[in-house]
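Colleague: Pasting a structure below so you can have a look.
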Amino acid sequence: MKVLTDNWDLISEGFVTTLKLTLWCGLVALVLGTLLAACRVSPVAPLRWFGAAYVNLVRNTPLTLIMFFVALGFPKLNWNMDYFTFAVIAVGGYTAAFICEAVRSGINTVPIGQAEAARSIGMSFNQTLTLIVLPQALRAVIPPIGSLLIAMVRNSAIASAFNVHDLFGTNAQMVENGNDVVLVFLWIAVGYLIITLSMSALFALLEKKLAVAR
Amino acid sequence: MNLRKSIAIAGISALALFGTAACGKDGSPEEKTPEAPASNATGGGAPAAKPTVPTFTVKAGVDLSATSPTWKKAKDRGHLVIGAKEDQPFLGSMDPATKKRSGFDIEMARMISAELGLDPAQIEFKTIASANRETALQKGDVDMYVGTYSITDKRKDSVSFAGPYYVSGQSLLVKKNETAITGKDTIKGKKVCSAKGSTPIQTIKDKFPETTPIEYDTYSLCVDNLLSGQVDAVSTDEAILKGYAAKDPDHLKVVGDNFSVEKYGIGLPKDDAALRAAVNDALDAKEKDGTWKKVYDATLGLSGSPAPTIPAIERY
Amino acid sequence: MSQKATVLFDAPGPRARRRNAIIGVLGIALLAGGLAWVVYRFDQTGQFDSQKWDPFQYTAIQQMILDGLKATLKAFALAVVFSLVLGALLAAARLSDHRPVRWAATAFVTFFRAMPLLILIFFLYLAPAKLSYWPGFLDFINDDPMWPLVIGLSLYNGTVQAENMRAGILALPKGQSEAAYALGLRKYQVMTFILVPQGIRSMLPTIISQMVVTLKDTSLGFLITYEELLFIAKRLGSYQDYGLPLIPAAIVVGTIYIISCMILSGVAVWLERFLSRGRKGRVQKIDVVSGETLGAGAGISV
């Protein structure tokens with residue numbers, strides 16, 4: 001407990017940074033991921049190619065390398081941003097590739113008969129999409145997206161190696177100050193558990209809310 | 001379709017890779033060394049003869065086996081094991097391809113080895129990160145450590161120091177065209193980069209609260225960030241910065257006076273007083289006969305800065 | 001597939017086809033433009049200078065990269081073996097009839113799956129030197145940074161693989177075990193001869209997808225000075241004599257990572273096709289692409 005109270009400022013600051021990182025990365029991942037999924041199922045071939053290329057490239061590259069590339073490469077394109085933004089781009093962009101696949105397979109779980117039936121009773125494209133396809137897809141997509149976002153929180157720890165003072169990054173300072181290594185890492189782990197477990201709970205709730213007896 | 005595409009991409013890339021591998025060249029890429037001082041202004045005339053590192057002759061008849069356990073171990077082994085840095089140009093650097101080491105600190109190590117009666121060509125150098133220096137000496141992984149190792153009272157609790165053989169101090173490296181930063185009083189609100197967990201970064205945090213500290217585990221990444229405009233200055237010992245500036249004088253310069261004093265010593269196992277005395281004697285002799293100066297001229301001196309005064313040996 | 005109706009849209013008519021073609025051309029132009037701009041900027045800032053790329057032509061440098069690849073593959077191989085063994089043990093423990101065993105395994109799996117891998121690796125890297133009560137027989141972890149990496153990877157991936165295997169076994173039709181028990185087989189016989197072979201068979205693509213994750217995560221080793229590919233890239237990129245070629249080095253090792261991972265992913269996709277070919281309807285639907293058993297929420301590969 002003493003390790004926690006002694007380093008309260010440091011830990012709470014790191015915790016808030018990780019929380020902010022989670023929110024921003026999650027936002028980028030969800031928006032970009034959905035856009036990519038839209039590309040991948042679109043009737044326009046080049047967009048599909050782009051979506052496939054992005055997903056295959058990014059998913060097969062280690063996040064560490066992407067972070068490395070963004071943090072050291074972007075400044076060379078004269079995109080000088082702060083390191084937090086770099087982390088959001090790298091972690092968000094990486095997770096987006098996975099979100100895209102989750103959304104795409106969610107759409108694929110909707111039987112084609114659903115759309116055909118909707119069209120045959122005269123629904124427009126927009127109606128079919130918003131009233132029939134997406135609600136059903138969303139239900140299938142919520143659990144995997146939950147797991148993906150939780151994994152994203154864990155992955156965000158990598159940002160600490162690139163000058164983002166997040167929760168994990170606090171370990172260096174605390175160990176340097178002579179705190180017990182076991183306790184330092186324990187408290188950091190607890191911090192991550194708080195975030196990931198509350199996310200699990202949130203997604204379980206969402207799943208329940210959206211669940212419909214079939 | 002997915003699979004076929006993957007294989008096609010993999011195949012093309014692999015081909016490209018083997019393509020380059022097939023035309024591999026022997027040896028290692030050319031090293032970038034500045035021309036001899038003062039001759040690079042015009043770039044036209046033939047550069048003056050570059051100062052070269054002196055060769056060290058192994059001193060005969062040295063025997064410390066009765067008093068120094070470290071020396072005896074090295075003698076039995078046939079050579080010294082010396083901890084060093086590998087990423088500090090002109091101080092302690094290693095060519096990644098040939099694994100050859102060079103620099104002021106490396107030559108100091110060779111000079112001392114010869115004075116101790118052990119062949120400098122046989123030295124086994126080990127790269128030890130700053131954070132692990134004490135541990136490596138305590139565990140006996142290395143016989144001595146030569147690599148911008150500042151003498152401090154806290155470190156004297158776990159290791160002992162011969163020397164100092166060089167006095168440096170914290171300074172600032174900036175881009176050549178930088179005008180706003182001229183010294184430590186002008187870094188307010190700027191981003192200053194240094195090595196993670198190092199004394200310089202701690203100094204920045206403690207004494208310059210309005211400066212944003214940026215940390216990487218190596219100075220090279222700091223220099224890269226400086227060149228790409230991501231940070232405004234790199235701060236650490238002037239000797240290290242001089243090495244970087246010397247490699248890339250068109251884009252980098254060292255500014256301002258040193259704002260700390262760092263005395264570099266030779267790190268030795270704590271309880272080997274005989275070895276410490278012998279290394280101090282060796283440094284003393286070689287500083288007096290001009291070898292120290294020759295080593296400086298052939299390494300750090302290439303940056304154009306004149307040799308600083310040699311500090312007096314502090315025996316304890 | 002482009003001209004067919006899908007759940008999202010009807011088969012396009014002539015007008016829609018024209019419109020799609022226009023969007024397509026615009027899309028290509030935009031992408032090509034963006035890419036060209038990035039290349040141009042890199043070129044402007046000298047990332048394609050010969051000074052930065054020349055080093056890669058030398059055999060000594062290529063040897064370094066190869067050594068890095070070897071180190072990566074070594075850590076990968078060890079981590080895969082350990083994680084599969086650990087995964088099998090944990091899966092068995094979680095399906096055990098003894099409640100304490102089940103609880104212990106569940107706690108273990110929950111804890112290590114929720115932890116950022118980096119915490120595990122860094123803890124193992126730092127603890128031996130900093131703890132006075134670190135057991136002596138575990139000193140080997142301290143001697144080579146490969147061990148913190150391999151142990152961290154094995155613990156994390158082991159728990160994920162355990163969940164994959166368990167999901168595979170649980171998804172088997174109940175009749176399989178019932179029939180086996182009816183024949184008089186014991187629990188371990190039912191497990192080893194009936195359930196595990198089928199479970200692994202159906203989960204093999206997911207298990208391999210998780211291996212891709214293991215391979216990618218070996219790159220975390222560069223943070224604890226394990227001399228794997230990314231570490232080598234950083235070392236090469238840090239050499240001022242070569243003009244700090246960090247971006248070229250990242251491009252080179254990135255290509256190697258992508259190829260290796262794509263080969264593994266390709267194996268997973270191929271296996272899934274191969275396995276589902278003969279047994280239509282029996283194998284549960286696994287979306288290899290996301291490494292996820294849909295709905296089951298078991299192991300997700302990130």
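Residue numbers start at 1 in each chain; chains themselves are named A, B, ... in the order of the structure tokens; ligands are numbered from 1 in the order shown.
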Can you pull out every residue within 9 Å of Met81 in chain A, counting only C-alpha atoms, but drop anything in the same chain fewer than 6 positions away, and send it as a PyMOL selection string?

Modeller: (chain A and resi 74-75) or (chain B and resi 230)

Colleague: Would you save the residues of that selection, restricted to C-alpha atoms, as a PDB file, in the first residue's frame?

Modeller:
```pdb
ATOM      1  CA  PHE A  74       6.391  10.829 -39.325  1.00  0.00           C
ATOM      2  CA  PRO A  75       8.726  13.619 -38.203  1.00  0.00           C
TER       3      PRO A  75
ATOM      4  CA  GLN B 230      10.907  16.390 -33.140  1.00  0.00           C
TER       5      GLN B 230
END
```

Colleague: Go through chain A and flag each residue having an atom no more than 7 Å from chain B; for those, report the closest pair of atoms plus their distance in Å to one decimal, using only C-alpha atoms, ordered by chain and rising number, as a tab-separated table.

Modeller:
```
residue	atom	partner	partner_atom	distance
A:Pro75	CA	B:Ser228	CA	5.5
A:Lys76	CA	B:Ser228	CA	5.4
A:Asn80	CA	B:Gln230	CA	5.9
A:Asn163	CA	B:Glu215	CA	6.2
```

Colleague: Can you pull out every residue within 12 Å of Lys247 in chain B, counting only C-alpha atoms, but drop anything in the same chain fewer than 6 positions away, and send it as a list in words?

Modeller: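 Listing them by chain and then by number gives Glu31, Lys32, Thr33, Pro34, Glu35, Gln88, Pro89, Phe90, Leu91, Ser220, Val223, Ile240, Leu241, Lys253, Thr299, Leu300, Gly301, Leu302, Ser303 and Gly304 of chain B; Tyr239, Gln240, Asp241, Tyr242, Gly243 and Leu244 of chain C.
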
Colleague: If we count only C-alpha atoms, which residues of chain A reach to within 7 Å of chain C? Please list them as an mmCIF file with N, CA and C atoms, in the first residue's frame.

Modeller:
```
data_model
loop_
_atom_site.group_PDB
_atom_site.id
_atom_site.type_symbol
_atom_site.label_atom_id
_atom_site.label_comp_id
_atom_site.auth_asym_id
_atom_site.auth_seq_id
_atom_site.Cartn_x
_atom_site.Cartn_y
_atom_site.Cartn_z
ATOM 1 N N PRO A 43 -18.986 -2.230 -53.324
ATOM 2 C CA PRO A 43 -19.041 -2.748 -54.684
ATOM 3 C C PRO A 43 -17.892 -2.233 -55.553
ATOM 4 N N VAL A 44 -17.122 -1.281 -55.037
ATOM 5 C CA VAL A 44 -16.043 -0.697 -55.835
ATOM 6 C C VAL A 44 -14.756 -1.476 -55.593
ATOM 7 N N ALA A 45 -14.277 -2.100 -56.662
ATOM 8 C CA ALA A 45 -13.140 -3.004 -56.501
ATOM 9 C C ALA A 45 -11.895 -2.341 -55.889
ATOM 10 N N PRO A 46 -11.451 -1.174 -56.380
ATOM 11 C CA PRO A 46 -10.229 -0.594 -55.810
ATOM 12 C C PRO A 46 -10.337 -0.344 -54.308
ATOM 13 N N LEU A 47 -11.528 0.030 -53.848
ATOM 14 C CA LEU A 47 -11.689 0.231 -52.410
ATOM 15 C C LEU A 47 -11.512 -1.085 -51.670
ATOM 16 N N LEU A 57 -1.506 -5.971 -44.477
ATOM 17 C CA LEU A 57 -0.210 -5.383 -44.158
ATOM 18 C C LEU A 57 -0.101 -5.109 -42.661
ATOM 19 N N ASN A 60 -0.117 -8.092 -40.118
ATOM 20 C CA ASN A 60 1.066 -8.936 -40.114
ATOM 21 C C ASN A 60 2.322 -8.184 -39.714
ATOM 22 N N THR A 61 2.164 -6.965 -39.226
ATOM 23 C CA THR A 61 3.313 -6.200 -38.762
ATOM 24 C C THR A 61 3.222 -6.072 -37.244
ATOM 25 N N PRO A 62 4.334 -6.270 -36.549
ATOM 26 C CA PRO A 62 4.277 -6.098 -35.100
ATOM 27 C C PRO A 62 3.934 -4.651 -34.741
ATOM 28 N N THR A 64 4.972 -3.018 -32.307
ATOM 29 C CA THR A 64 6.208 -2.331 -31.936
ATOM 30 C C THR A 64 6.834 -1.654 -33.148
ATOM 31 N N PHE A 69 7.899 3.011 -36.547
ATOM 32 C CA PHE A 69 7.786 3.647 -37.845
ATOM 33 C C PHE A 69 7.070 4.996 -37.729
ATOM 34 N N GLY A 73 9.307 7.925 -38.148
ATOM 35 C CA GLY A 73 9.138 8.221 -39.568
ATOM 36 C C GLY A 73 8.321 9.474 -39.835
ATOM 37 N N LYS A 76 9.935 12.756 -40.133
ATOM 38 C CA LYS A 76 10.718 12.926 -41.356
ATOM 39 C C LYS A 76 9.842 13.350 -42.521
ATOM 40 N N LEU A 77 8.518 13.212 -42.361
ATOM 41 C CA LEU A 77 7.596 13.720 -43.375
ATOM 42 C C LEU A 77 7.154 15.124 -43.005
ATOM 43 N N PHE A 98 -7.986 -4.907 -37.110
ATOM 44 C CA PHE A 98 -8.682 -6.045 -36.490
ATOM 45 C C PHE A 98 -10.179 -5.757 -36.369
ATOM 46 N N GLU A 101 -11.952 -6.421 -39.584
ATOM 47 C CA GLU A 101 -12.275 -7.826 -39.839
ATOM 48 C C GLU A 101 -13.439 -8.300 -38.994
ATOM 49 N N ALA A 102 -13.502 -7.795 -37.745
ATOM 50 C CA ALA A 102 -14.617 -8.195 -36.879
ATOM 51 C C ALA A 102 -15.936 -7.685 -37.462
ATOM 52 N N ILE A 112 -28.141 -13.727 -46.346
ATOM 53 C CA ILE A 112 -28.477 -12.892 -47.504
ATOM 54 C C ILE A 112 -29.990 -12.786 -47.685
ATOM 55 N N ALA A 115 -31.676 -9.542 -46.422
ATOM 56 C CA ALA A 115 -31.652 -8.378 -47.290
ATOM 57 C C ALA A 115 -32.598 -8.557 -48.465
ATOM 58 N N LEU A 129 -30.181 -1.249 -44.963
ATOM 59 C CA LEU A 129 -28.937 -1.208 -44.199
ATOM 60 C C LEU A 129 -29.214 -0.889 -42.732
ATOM 61 N N ALA A 140 -23.718 -9.421 -33.555
ATOM 62 C CA ALA A 140 -22.665 -10.427 -33.696
ATOM 63 C C ALA A 140 -21.287 -9.822 -33.463
ATOM 64 N N PRO A 143 -19.288 -8.737 -29.091
ATOM 65 C CA PRO A 143 -18.314 -9.476 -28.269
ATOM 66 C C PRO A 143 -16.877 -9.417 -28.811
ATOM 67 N N PRO A 144 -16.652 -9.699 -30.109
ATOM 68 C CA PRO A 144 -15.260 -9.622 -30.571
ATOM 69 C C PRO A 144 -14.683 -8.211 -30.449
ATOM 70 N N SER A 147 -13.385 -7.766 -26.965
ATOM 71 C CA SER A 147 -12.077 -8.394 -26.755
ATOM 72 C C SER A 147 -10.973 -7.601 -27.420
ATOM 73 N N LEU A 148 -11.263 -7.090 -28.612
ATOM 74 C CA LEU A 148 -10.241 -6.341 -29.347
ATOM 75 C C LEU A 148 -9.856 -5.064 -28.610
ATOM 76 N N ALA A 151 -7.754 -5.906 -25.645
ATOM 77 C CA ALA A 151 -6.395 -6.192 -26.100
ATOM 78 C C ALA A 151 -5.671 -4.901 -26.445
ATOM 79 N N ARG A 154 -4.148 -3.341 -23.418
ATOM 80 C CA ARG A 154 -2.888 -4.002 -23.049
ATOM 81 C C ARG A 154 -1.781 -3.584 -24.006
ATOM 82 N N ASN A 155 -2.106 -3.535 -25.294
ATOM 83 C CA ASN A 155 -1.091 -3.178 -26.278
ATOM 84 C C ASN A 155 -0.607 -1.745 -26.119
ATOM 85 N N ALA A 157 0.451 -0.250 -23.786
ATOM 86 C CA ALA A 157 1.615 -0.112 -22.905
ATOM 87 C C ALA A 157 2.881 0.170 -23.696
ATOM 88 N N VAL A 181 10.289 -3.894 -6.637
ATOM 89 C CA VAL A 181 9.885 -4.164 -8.015
ATOM 90 C C VAL A 181 8.541 -4.896 -8.079
ATOM 91 N N PHE A 185 5.169 -3.357 -9.953
ATOM 92 C CA PHE A 185 4.484 -3.998 -11.074
ATOM 93 C C PHE A 185 3.091 -4.472 -10.693
ATOM 94 N N ALA A 189 -0.207 -3.435 -12.619
ATOM 95 C CA ALA A 189 -1.118 -4.471 -13.127
ATOM 96 C C ALA A 189 -2.541 -4.204 -12.650
ATOM 97 N N LEU A 193 -5.898 -3.794 -14.768
ATOM 98 C CA LEU A 193 -7.041 -4.661 -14.510
ATOM 99 C C LEU A 193 -8.304 -3.831 -14.319
#
```

Colleague: Kindly provide, as a count of residues only, the residues of chain C having any atom no farther than 6 Å from an atom of chain B, counting only C-alpha atoms.

Modeller: 10

Colleague: As a ChimeraX atom specification, list the residues of range 17-225 of chain B assigned to strand (DSSP E or B) by DSSP on the backbone atoms of this structure.

Modeller: /B:25,81-84,87-88,92-94,101-102,124-127,144-145,150,159-168,170-175,191-195,212-216

Colleague: DSSP says alpha helix (DSSP H) for which residues of range 48-132 of chain A? Put them as a ChimeraX atom specification?

Modeller: /A:48-59,63-73,83-108,112-120,125-127

Colleague: Print the selection's residues with C-alpha atoms to a file, as an mmCIF file, in the first residue's frame.

Modeller:
```
data_model
loop_
_atom_site.group_PDB
_atom_site.id
_atom_site.type_symbol
_atom_site.label_atom_id
_atom_site.label_comp_id
_atom_site.auth_asym_id
_atom_site.auth_seq_id
_atom_site.Cartn_x
_atom_site.Cartn_y
_atom_site.Cartn_z
ATOM 1 C CA ARG A 48 -11.868 -3.468 -51.641
ATOM 2 C CA TRP A 49 -8.254 -3.869 -52.689
ATOM 3 C CA PHE A 50 -7.225 -0.990 -50.500
ATOM 4 C CA GLY A 51 -9.096 -2.411 -47.516
ATOM 5 C CA ALA A 52 -7.569 -5.850 -48.032
ATOM 6 C CA ALA A 53 -4.081 -4.447 -48.497
ATOM 7 C CA TYR A 54 -4.309 -2.307 -45.369
ATOM 8 C CA VAL A 55 -5.644 -5.149 -43.250
ATOM 9 C CA ASN A 56 -3.144 -7.730 -44.460
ATOM 10 C CA LEU A 57 -0.210 -5.383 -44.158
ATOM 11 C CA VAL A 58 -1.022 -3.983 -40.737
ATOM 12 C CA ARG A 59 -2.150 -7.208 -39.137
ATOM 13 C CA LEU A 63 2.751 -3.149 -33.268
ATOM 14 C CA THR A 64 6.208 -2.331 -31.936
ATOM 15 C CA LEU A 65 7.446 -1.845 -35.475
ATOM 16 C CA ILE A 66 4.432 0.286 -36.399
ATOM 17 C CA MET A 67 5.047 2.450 -33.344
ATOM 18 C CA PHE A 68 8.725 2.680 -34.305
ATOM 19 C CA PHE A 69 7.786 3.647 -37.845
ATOM 20 C CA VAL A 70 5.238 6.264 -36.830
ATOM 21 C CA ALA A 71 7.268 7.857 -34.030
ATOM 22 C CA LEU A 72 10.490 8.042 -36.014
ATOM 23 C CA GLY A 73 9.138 8.221 -39.568
ATOM 24 C CA TYR A 83 4.235 11.628 -28.930
ATOM 25 C CA PHE A 84 0.741 11.033 -27.579
ATOM 26 C CA THR A 85 -0.703 11.662 -31.043
ATOM 27 C CA PHE A 86 1.845 9.280 -32.540
ATOM 28 C CA ALA A 87 0.764 6.605 -30.077
ATOM 29 C CA VAL A 88 -2.907 7.172 -30.924
ATOM 30 C CA ILE A 89 -2.165 6.859 -34.643
ATOM 31 C CA ALA A 90 -0.062 3.714 -34.224
ATOM 32 C CA VAL A 91 -2.195 1.838 -31.696
ATOM 33 C CA GLY A 92 -5.494 3.042 -33.181
ATOM 34 C CA GLY A 93 -4.417 2.300 -36.743
ATOM 35 C CA TYR A 94 -3.198 -1.142 -35.740
ATOM 36 C CA THR A 95 -6.376 -2.059 -33.864
ATOM 37 C CA ALA A 96 -8.492 -0.687 -36.740
ATOM 38 C CA ALA A 97 -7.298 -3.529 -38.971
ATOM 39 C CA PHE A 98 -8.682 -6.045 -36.490
ATOM 40 C CA ILE A 99 -11.909 -4.106 -35.904
ATOM 41 C CA CYS A 100 -12.398 -4.035 -39.672
ATOM 42 C CA GLU A 101 -12.275 -7.826 -39.839
ATOM 43 C CA ALA A 102 -14.617 -8.195 -36.879
ATOM 44 C CA VAL A 103 -17.155 -5.838 -38.476
ATOM 45 C CA ARG A 104 -16.810 -7.542 -41.836
ATOM 46 C CA SER A 105 -17.427 -10.989 -40.411
ATOM 47 C CA GLY A 106 -20.317 -9.513 -38.445
ATOM 48 C CA ILE A 107 -21.885 -8.353 -41.694
ATOM 49 C CA ASN A 108 -21.239 -11.752 -43.220
ATOM 50 C CA ILE A 112 -28.477 -12.892 -47.504
ATOM 51 C CA GLY A 113 -32.195 -13.810 -47.343
ATOM 52 C CA GLN A 114 -32.707 -11.021 -44.812
ATOM 53 C CA ALA A 115 -31.652 -8.378 -47.290
ATOM 54 C CA GLU A 116 -33.498 -10.025 -50.146
ATOM 55 C CA ALA A 117 -36.671 -10.105 -48.094
ATOM 56 C CA ALA A 118 -36.212 -6.447 -47.148
ATOM 57 C CA ARG A 119 -35.728 -5.446 -50.767
ATOM 58 C CA SER A 120 -38.658 -7.477 -51.920
ATOM 59 C CA PHE A 125 -30.941 0.676 -49.672
ATOM 60 C CA ASN A 126 -30.737 2.923 -46.624
ATOM 61 C CA GLN A 127 -33.675 1.247 -44.960
#
```

Colleague: From the set B:Ile123, B:Cys193, B:Ala233, B:Ala298, which residue has the shortest atom-to-atom contact distance to Thr179 in chain B, counting only C-alpha atoms?

Modeller: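 Closest residue, counting only C-alpha atoms: B:Ala233.
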
Colleague: Would you work out the distance separating CA of Arg166 in chain C from CA of Thr106 in chain C, expressed in Å to one decimal?

Modeller: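 Interatomic distance, CA of Arg166 in chain C to CA of Thr106 in chain C: 11.6 Å.
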
Colleague: Would you mind listing, for every residue of range 251-285 of chain B within 9 Å of range 48-71 of chain B, the two atoms forming the shortest contact and the distance between them in Å to one decimal, using only C-alpha atoms, sorted by chain and ascending residue number, as a tab-separated table?

Modeller:
```
residue	atom	partner	partner_atom	distance
B:Pro269	CA	B:Thr70	CA	7.9
B:Asp272	CA	B:Ser68	CA	6.0
B:Ala273	CA	B:Ser68	CA	7.5
B:Ala274	CA	B:Ser68	CA	5.4
B:Leu275	CA	B:Ser68	CA	5.7
B:Ala278	CA	B:Leu64	CA	8.7
```

Colleague: Residues at most 12 Å from Ala107 in chain C, counting only C-alpha atoms, excluding those fewer than 4 positions away in the same chain, as an mmCIF file with C-alpha atoms, in the first residue's frame?

Modeller:
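Saved file result_29.cif follows:
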```cif
data_model
loop_
_atom_site.group_PDB
_atom_site.id
_atom_site.type_symbol
_atom_site.label_atom_id
_atom_site.label_comp_id
_atom_site.auth_asym_id
_atom_site.auth_seq_id
_atom_site.Cartn_x
_atom_site.Cartn_y
_atom_site.Cartn_z
ATOM 1 C CA LEU C 90 -4.104 -25.414 -18.501
ATOM 2 C CA ALA C 93 -6.822 -28.356 -15.729
ATOM 3 C CA ARG C 94 -9.769 -26.168 -16.639
ATOM 4 C CA PRO C 100 -9.638 -26.755 -6.803
ATOM 5 C CA VAL C 101 -7.651 -27.625 -9.921
ATOM 6 C CA ARG C 102 -10.259 -25.966 -12.089
ATOM 7 C CA TRP C 103 -10.297 -22.843 -9.934
ATOM 8 C CA PHE C 111 -4.702 -13.111 -14.499
ATOM 9 C CA PHE C 112 -2.199 -13.643 -17.279
ATOM 10 C CA ARG C 113 -4.669 -12.863 -20.029
ATOM 11 C CA ALA C 114 -5.591 -9.542 -18.480
ATOM 12 C CA THR C 159 -3.242 -18.942 -21.503
#
```

Colleague: For Glu207 in chain A, work out the shell of residues within 10 Å, counting only C-alpha atoms and skipping chain neighbours fewer than 6 positions away, then give it as a VMD selection string.

Modeller: chain A and resid 138 to 143 146 201

Colleague: Take the residues that were just selected and, keeping C-alpha atoms, output them as a PDB file, in the first residue's frame.

Modeller:
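As written to disk, again19.pdb reads:
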```pdb
ATOM      1  CA  LEU A 138     -23.998  -5.224 -34.552  1.00  0.00           C
ATOM      2  CA  ARG A 139     -25.186  -7.974 -32.274  1.00  0.00           C
ATOM      3  CA  ALA A 140     -22.665 -10.427 -33.696  1.00  0.00           C
ATOM      4  CA  VAL A 141     -19.918  -7.831 -33.615  1.00  0.00           C
ATOM      5  CA  ILE A 142     -20.116  -6.585 -30.037  1.00  0.00           C
ATOM      6  CA  PRO A 143     -18.314  -9.476 -28.269  1.00  0.00           C
ATOM      7  CA  GLY A 146     -14.970  -5.938 -26.771  1.00  0.00           C
ATOM      8  CA  ALA A 201     -18.392  -5.452 -17.738  1.00  0.00           C
TER       9      ALA A 201
END
```
